[in-house]
$ cat run_28.json   # JSON, C-alpha atoms
[["chain", "number", "residue", "atom", "x", "y", "z"],
["A", 1, "MET", "CA", 113.91, 77.12, 60.88],
["A", 2, "ASN", "CA", 116.15, 78.50, 63.59],
["A", 3, "VAL", "CA", 115.62, 76.50, 66.80],
["A", 4, "SER", "CA", 116.59, 79.42, 69.02],
["A", 5, "LEU", "CA", 113.54, 81.35, 67.83],
["A", 6, "THR", "CA", 111.09, 78.64, 68.87],
["A", 7, "MET", "CA", 112.51, 77.80, 72.29],
["A", 8, "GLU", "CA", 111.77, 79.85, 75.38],
["A", 9, "THR", "CA", 114.74, 81.33, 77.13],
["A", 10, "GLU", "CA", 115.22, 82.48, 80.70],
["A", 11, "GLU", "CA", 114.81, 86.06, 79.44],
["A", 12, "ASP", "CA", 111.26, 85.43, 78.17],
["A", 13, "LEU", "CA", 108.69, 87.17, 80.32],
["A", 14, "LEU", "CA", 106.46, 84.48, 81.77],
["A", 15, "THR", "CA", 102.83, 85.01, 82.66],
["A", 16, "CYS", "CA", 102.51, 84.77, 86.43],
["A", 17, "LEU", "CA", 99.51, 83.76, 88.49],
["A", 18, "GLN", "CA", 99.65, 85.27, 91.96],
["A", 19, "ILE", "CA", 97.51, 83.02, 94.14],
["A", 20, "LYS", "CA", 96.73, 84.50, 97.54],
["A", 21, "PHE", "CA", 94.99, 82.39, 100.20],
["A", 22, "TYR", "CA", 92.88, 83.27, 103.20],
["A", 23, "HIS", "CA", 91.08, 81.00, 105.67],
["A", 24, "PRO", "CA", 89.72, 82.18, 109.06],
["A", 25, "GLN", "CA", 91.57, 79.36, 110.89],
["A", 26, "GLN", "CA", 94.84, 79.59, 108.96],
["A", 27, "ASN", "CA", 96.85, 80.71, 112.01],
["A", 28, "CYS", "CA", 96.08, 77.60, 114.07],
["A", 29, "LYS", "CA", 95.99, 75.01, 111.25],
["A", 30, "GLY", "CA", 98.78, 73.93, 108.91],
["A", 31, "PHE", "CA", 96.70, 74.20, 105.71],
["A", 32, "TYR", "CA", 99.51, 75.66, 103.59],
["A", 33, "GLY", "CA", 102.41, 73.47, 104.77],
["A", 34, "ARG", "CA", 102.83, 71.84, 101.33],
["A", 35, "LEU", "CA", 102.58, 75.04, 99.25],
["A", 36, "PRO", "CA", 105.77, 76.77, 98.05],
["A", 37, "LEU", "CA", 104.92, 80.09, 99.71],
["A", 38, "GLY", "CA", 106.80, 83.22, 98.68],
["A", 39, "THR", "CA", 108.62, 81.73, 95.68],
["A", 40, "ARG", "CA", 107.78, 81.67, 92.00],
["A", 41, "ARG", "CA", 107.46, 78.23, 90.48],
["A", 42, "ARG", "CA", 107.48, 77.45, 86.76],
["A", 43, "HIS", "CA", 104.55, 75.35, 85.52],
["A", 44, "ALA", "CA", 104.13, 73.77, 82.07],
["A", 45, "ALA", "CA", 101.28, 75.42, 80.19],
["A", 46, "ASP", "CA", 100.03, 72.12, 78.77],
["A", 47, "ASP", "CA", 99.65, 70.64, 82.27],
["A", 48, "PRO", "CA", 96.53, 71.74, 84.23],
["A", 49, "LEU", "CA", 97.34, 73.30, 87.59],
["A", 50, "ARG", "CA", 95.30, 71.27, 90.07],
["A", 51, "LEU", "CA", 94.72, 72.25, 93.68],
["A", 52, "GLY", "CA", 93.32, 69.86, 96.30],
["A", 53, "ARG", "CA", 94.38, 67.51, 99.09],
["A", 54, "ASP", "CA", 95.43, 64.49, 96.94],
["A", 55, "ASP", "CA", 99.17, 64.66, 96.31],
["A", 56, "GLN", "CA", 98.91, 62.05, 93.53],
["A", 57, "ALA", "CA", 96.37, 64.03, 91.49],
["A", 58, "CYS", "CA", 97.24, 67.63, 92.36],
["A", 59, "ALA", "CA", 100.35, 69.72, 91.80],
["A", 60, "TYR", "CA", 99.58, 71.90, 94.83],
["A", 61, "ILE", "CA", 98.24, 70.53, 98.10],
["A", 62, "LEU", "CA", 96.05, 71.97, 100.86],
["A", 63, "LEU", "CA", 96.37, 70.04, 104.13],
["A", 64, "ASP", "CA", 92.71, 70.24, 105.07],
["A", 65, "PRO", "CA", 90.38, 67.21, 105.29],
["A", 66, "ARG", "CA", 87.42, 69.42, 104.30],
["A", 67, "VAL", "CA", 89.02, 70.21, 100.92],
["A", 68, "SER", "CA", 88.17, 67.82, 98.09],
["A", 69, "ARG", "CA", 90.81, 65.43, 96.77],
["A", 70, "LYS", "CA", 90.69, 67.51, 93.57],
["A", 71, "GLN", "CA", 89.18, 70.92, 94.34],
["A", 72, "LEU", "CA", 89.87, 73.01, 91.24],
["A", 73, "ALA", "CA", 91.97, 73.18, 88.09],
["A", 74, "LEU", "CA", 93.40, 76.07, 86.09],
["A", 75, "TYR", "CA", 93.97, 75.52, 82.36],
["A", 76, "ALA", "CA", 96.21, 77.76, 80.26],
["A", 77, "TYR", "CA", 95.30, 78.62, 76.66],
["A", 78, "HIS", "CA", 96.05, 81.10, 73.87],
["A", 79, "ILE", "CA", 93.74, 82.92, 71.48],
["A", 80, "PRO", "CA", 94.85, 82.55, 67.81],
["A", 81, "GLN", "CA", 97.35, 85.21, 66.68],
["A", 82, "SER", "CA", 98.00, 86.26, 70.29],
["A", 83, "SER", "CA", 100.94, 85.61, 72.57],
["A", 84, "GLU", "CA", 98.87, 86.39, 75.66],
["A", 85, "MET", "CA", 98.31, 83.42, 77.97],
["A", 86, "LEU", "CA", 94.81, 83.21, 79.42],
["A", 87, "PHE", "CA", 93.23, 80.73, 81.83],
["A", 88, "THR", "CA", 90.01, 78.91, 82.55],
["A", 89, "ILE", "CA", 89.01, 77.62, 85.97],
["A", 90, "GLN", "CA", 87.10, 74.39, 86.56],
["A", 91, "ASN", "CA", 85.40, 73.08, 89.68],
["A", 92, "LEU", "CA", 86.57, 69.50, 90.30],
["A", 93, "SER", "CA", 84.73, 69.04, 93.59],
["A", 94, "GLN", "CA", 81.59, 66.92, 93.70],
["A", 95, "ARG", "CA", 80.89, 68.14, 97.24],
["A", 96, "GLY", "CA", 80.15, 71.78, 96.61],
["A", 97, "LYS", "CA", 80.08, 74.80, 94.40],
["A", 98, "LEU", "CA", 83.00, 77.06, 93.64],
["A", 99, "SER", "CA", 82.37, 80.76, 93.22],
["A", 100, "VAL", "CA", 84.39, 82.94, 90.85],
["A", 101, "ASN", "CA", 83.66, 86.60, 91.58],
["A", 102, "THR", "CA", 79.85, 86.57, 91.38],
["A", 103, "SER", "CA", 79.43, 83.33, 89.35],
["A", 104, "ALA", "CA", 78.93, 79.87, 90.84],
["A", 105, "LEU", "CA", 80.40, 76.76, 89.22],
["A", 106, "GLY", "CA", 79.01, 73.28, 89.85],
["A", 107, "TYR", "CA", 80.92, 70.04, 89.42],
["A", 108, "LEU", "CA", 83.02, 70.04, 86.21],
["A", 109, "GLU", "CA", 81.70, 73.45, 85.16],
["A", 110, "ARG", "CA", 84.32, 75.81, 83.78],
["A", 111, "MET", "CA", 84.67, 79.47, 82.88],
["A", 112, "ASP", "CA", 87.29, 82.00, 81.79],
["A", 113, "LEU", "CA", 89.36, 83.29, 84.69],
["A", 114, "PRO", "CA", 89.33, 87.11, 84.85],
["A", 115, "ASP", "CA", 92.65, 88.96, 85.31],
["A", 116, "LYS", "CA", 91.66, 89.47, 88.95],
["A", 117, "ALA", "CA", 89.36, 86.86, 90.46],
["A", 118, "LEU", "CA", 88.04, 86.10, 93.92],
["A", 119, "ILE", "CA", 87.57, 82.35, 94.29],
["A", 120, "ARG", "CA", 85.54, 80.91, 97.18],
["A", 121, "PHE", "CA", 84.86, 77.40, 98.39],
["A", 122, "GLY", "CA", 84.14, 76.28, 101.93],
["A", 123, "GLU", "CA", 85.69, 78.93, 104.18],
["A", 124, "TYR", "CA", 88.54, 79.61, 101.73],
["A", 125, "GLU", "CA", 88.96, 82.85, 99.84],
["A", 126, "ILE", "CA", 91.59, 82.88, 97.12],
["A", 127, "LEU", "CA", 92.54, 85.98, 95.18],
["A", 128, "ILE", "CA", 94.13, 85.15, 91.81],
["A", 129, "ILE", "CA", 95.83, 87.94, 89.87],
["A", 130, "ARG", "CA", 97.23, 87.33, 86.37],
["A", 131, "GLU", "CA", 100.37, 89.21, 85.33],
["A", 132, "SER", "CA", 100.76, 89.13, 81.54],
["A", 133, "GLY", "CA", 103.76, 87.59, 79.86],
["A", 134, "GLU", "CA", 104.89, 86.52, 76.40],
["A", 135, "ALA", "CA", 106.12, 82.95, 76.82],
["A", 136, "LYS", "CA", 103.92, 80.20, 75.40],
["A", 137, "ALA", "CA", 105.17, 76.93, 76.91],
["A", 138, "ASN", "CA", 105.33, 77.85, 80.62],
["A", 139, "PHE", "CA", 103.88, 80.18, 83.21],
["A", 140, "GLU", "CA", 104.80, 80.96, 86.79],
["A", 141, "VAL", "CA", 102.81, 80.52, 89.98],
["A", 142, "GLU", "CA", 103.42, 82.43, 93.20],
["A", 143, "PHE", "CA", 101.59, 81.52, 96.42],
["A", 144, "GLU", "CA", 101.01, 83.88, 99.33],
["A", 145, "VAL", "CA", 98.93, 83.90, 102.51],
["A", 146, "LEU", "CA", 96.81, 86.98, 103.26],
["A", 147, "VAL", "CA", 96.12, 88.32, 106.75],
["A", 148, "VAL", "CA", 92.77, 89.89, 105.77],
["A", 149, "PRO", "CA", 90.08, 88.23, 103.65],
["A", 150, "PRO", "CA", 90.54, 89.46, 100.07],
["A", 151, "SER", "CA", 86.78, 89.97, 99.75],
["A", 152, "ARG", "CA", 87.09, 92.93, 102.13],
["A", 153, "GLU", "CA", 89.92, 94.45, 100.10],
["A", 154, "THR", "CA", 88.26, 94.23, 96.70],
["A", 155, "SER", "CA", 85.35, 96.09, 95.18],
["A", 156, "LEU", "CA", 83.67, 92.69, 94.78],
["A", 157, "TRP", "CA", 83.01, 92.60, 98.52],
["A", 158, "LYS", "CA", 81.12, 95.88, 98.29],
["A", 159, "GLU", "CA", 79.12, 94.61, 95.30],
["A", 160, "GLN", "CA", 78.28, 91.28, 96.93],
["A", 161, "THR", "CA", 77.43, 92.91, 100.26],
["A", 162, "SER", "CA", 75.09, 95.39, 98.64],
["A", 163, "MET", "CA", 73.47, 92.62, 96.58],
["A", 164, "SER", "CA", 72.89, 90.41, 99.61],
["A", 165, "LEU", "CA", 71.32, 93.08, 101.80],
["A", 166, "PRO", "CA", 67.52, 93.15, 101.87],
["A", 167, "PRO", "CA", 66.04, 95.83, 99.66],
["A", 168, "VAL", "CA", 65.17, 99.10, 101.31],
["A", 169, "MET", "CA", 61.57, 100.15, 100.81],
["A", 170, "GLU", "CA", 61.27, 103.58, 99.35],
["A", 171, "THR", "CA", 58.95, 106.00, 101.06],
["A", 172, "CYS", "CA", 57.08, 108.76, 99.41],
["A", 173, "SER", "CA", 56.63, 112.06, 101.18],
["A", 174, "ASP", "CA", 54.61, 113.60, 98.38],
["A", 175, "SER", "CA", 51.10, 114.11, 99.77],
["A", 176, "ARG", "CA", 49.66, 114.75, 96.30],
["A", 177, "ILE", "CA", 49.62, 111.02, 95.49],
["A", 178, "ILE", "CA", 46.17, 109.61, 96.23],
["A", 179, "LEU", "CA", 45.47, 105.89, 96.17],
["A", 180, "SER", "CA", 42.01, 104.51, 95.70],
["A", 181, "PRO", "CA", 40.89, 101.59, 97.92],
["A", 182, "GLU", "CA", 40.41, 99.31, 94.90],
["A", 183, "ASP", "CA", 44.09, 99.74, 93.89],
["A", 184, "SER", "CA", 45.63, 96.95, 95.96],
["A", 185, "SER", "CA", 48.90, 96.94, 94.06],
["A", 186, "PHE", "CA", 50.14, 99.81, 96.21],
["A", 187, "GLY", "CA", 50.97, 99.76, 99.87],
["A", 188, "PRO", "CA", 53.03, 97.36, 101.94],
["A", 189, "GLN", "CA", 53.31, 93.85, 100.52],
["A", 190, "GLU", "CA", 55.06, 92.19, 103.46],
["A", 191, "SER", "CA", 53.47, 90.61, 106.52],
["A", 192, "ASP", "CA", 54.53, 90.63, 110.14],
["A", 193, "GLU", "CA", 55.35, 87.01, 110.99],
["A", 194, "THR", "CA", 55.05, 87.71, 114.72],
["A", 195, "LEU", "CA", 51.31, 88.35, 114.53],
["A", 196, "PRO", "CA", 49.00, 85.32, 114.82],
["A", 197, "CYS", "CA", 47.07, 84.51, 111.67],
["A", 198, "ASP", "CA", 43.31, 83.91, 111.75],
["A", 199, "SER", "CA", 42.33, 80.76, 109.88]]

$ encode --input "run_28.json" --output "structure tokens"
Amino acid sequence: MNVSLTMETEEDLLTCLQIKFYHPQQNCKGFYGRLPLGTRRRHAADDPLRLGRDDQACAYILLDPRVSRKQLALYAYHIPQSSEMLFTIQNLSQRGKLSVNTSALGYLERMDLPDKALIRFGEYEILIIRESGEAKANFEVEFEVLVVPPSRETSLWKEQTSMSLPPVMETCSDSRIILSPEDSSFGPQESDETLPCDS
């Protein structure tokens, strides 16, 4: 077998994970001082990419005491007969949940990472975008800091905002609908908490 066919070369197109951070206090805190911002870094595909505050356990460090020692991990994998590199994300924090788009992950729970994902934990918002490549042994990581929360720039923010708003009661202006007094399933179902209750 020809060795040159099995080894990756500099010309191979590497999959790249663009990881974009936002925190409301990022301008006055040095959270990202240990991240290689603005440069692409090569990462071995068989080595999980761990993010947290422990520099012994994590490849990439956030300088924030509220972040877990090991916050999250990204694992690369391939589907059989495919050169496309995909990723899963796992919550490594015992202190809280990690949300991926609209799904919540508890401690050690894992799921496939979509091509564009909004990750949230604590006050952090991280937008991860996967650029496809062909190489199998390595991928690239590029870190960036965002000025605006990515949730406001994505359609996910609109979906999550509309899901979290209280439902609007529909009103009916059709006077032909007649309700009988014994039909208690119609009419307002809420109560006014400001009124005293008779016991």

$ atom_distance --input "run_28.json" --atom1 "CA of Gly33 in chain A" --atom2 "CA of Ile61 in chain A"
8.4 Å

$ closest_atom_pairs --input "run_28.json" --of "range 58-109 of chain A" --to "range 117-136 of chain A" --cutoff "9 Å" --atoms "only C-alpha atoms" --output "tab-separated table"
residue	atom	partner	partner_atom	distance
A:Arg66	CA	A:Gly122	CA	8.0
A:Val67	CA	A:Gly122	CA	7.9
A:Gln71	CA	A:Phe121	CA	8.8
A:Tyr77	CA	A:Lys136	CA	8.9
A:His78	CA	A:Lys136	CA	8.1
A:Ser83	CA	A:Glu134	CA	5.6
A:Glu84	CA	A:Glu134	CA	6.1
A:Met85	CA	A:Lys136	CA	7.0
A:Leu86	CA	A:Arg130	CA	8.4
A:Phe87	CA	A:Arg130	CA	9.0
A:Gly96	CA	A:Phe121	CA	7.5
A:Lys97	CA	A:Phe121	CA	6.7
A:Leu98	CA	A:Phe121	CA	5.1
A:Ser99	CA	A:Arg120	CA	5.1
A:Val100	CA	A:Ile119	CA	4.7
A:Asn101	CA	A:Leu118	CA	5.0
A:Thr102	CA	A:Leu118	CA	8.6

$ atom_distance --input "run_28.json" --atom1 "CA of Thr39 in chain A" --atom2 "CA of Glu142 in chain A"
5.8 Å

$ atom_distance --input "run_28.json" --atom1 "CA of Arg110 in chain A" --atom2 "CA of Ala137 in chain A"
22.0 Å

$ residues_near_point --input "run_28.json" --point "(102.8, 83.1, 103.1)" --cutoff "10 Å" --atoms "all atoms listed in the file" --output "list in words"
Lys20, Phe21, Tyr22, Tyr32, Gly33, Leu35, Pro36, Leu37, Gly38, Thr39, Glu142, Phe143, Glu144, Val145, Leu146 and Val147 of chain A

$ closest_residue --input "run_28.json" --among "A:Ala76, A:Leu62, A:Ala57, A:Leu113" --to "Leu92 in chain A" --atoms "all atoms listed in the file"
A:Ala57

$ closest_residue --input "run_28.json" --among "A:Cys16, A:Gln90, A:Ser151, A:Asn138" --to "Asp46 in chain A" --atoms "all atoms listed in the file"
A:Asn138

$ closest_residue --input "run_28.json" --among "A:Val148, A:Ala73, A:Ile79, A:Ala45" --to "Tyr107 in chain A" --atoms "all atoms listed in the file"
A:Ala73

$ closest_residue --input "run_28.json" --among "A:Arg40, A:Pro24, A:Phe139, A:Gln94" --to "Leu74 in chain A" --atoms "all atoms listed in the file"
A:Phe139

$ closest_residue --input "run_28.json" --among "A:Ser82, A:Asn27, A:Thr15, A:Ser93" --to "His43 in chain A" --atoms "only C-alpha atoms"
A:Thr15
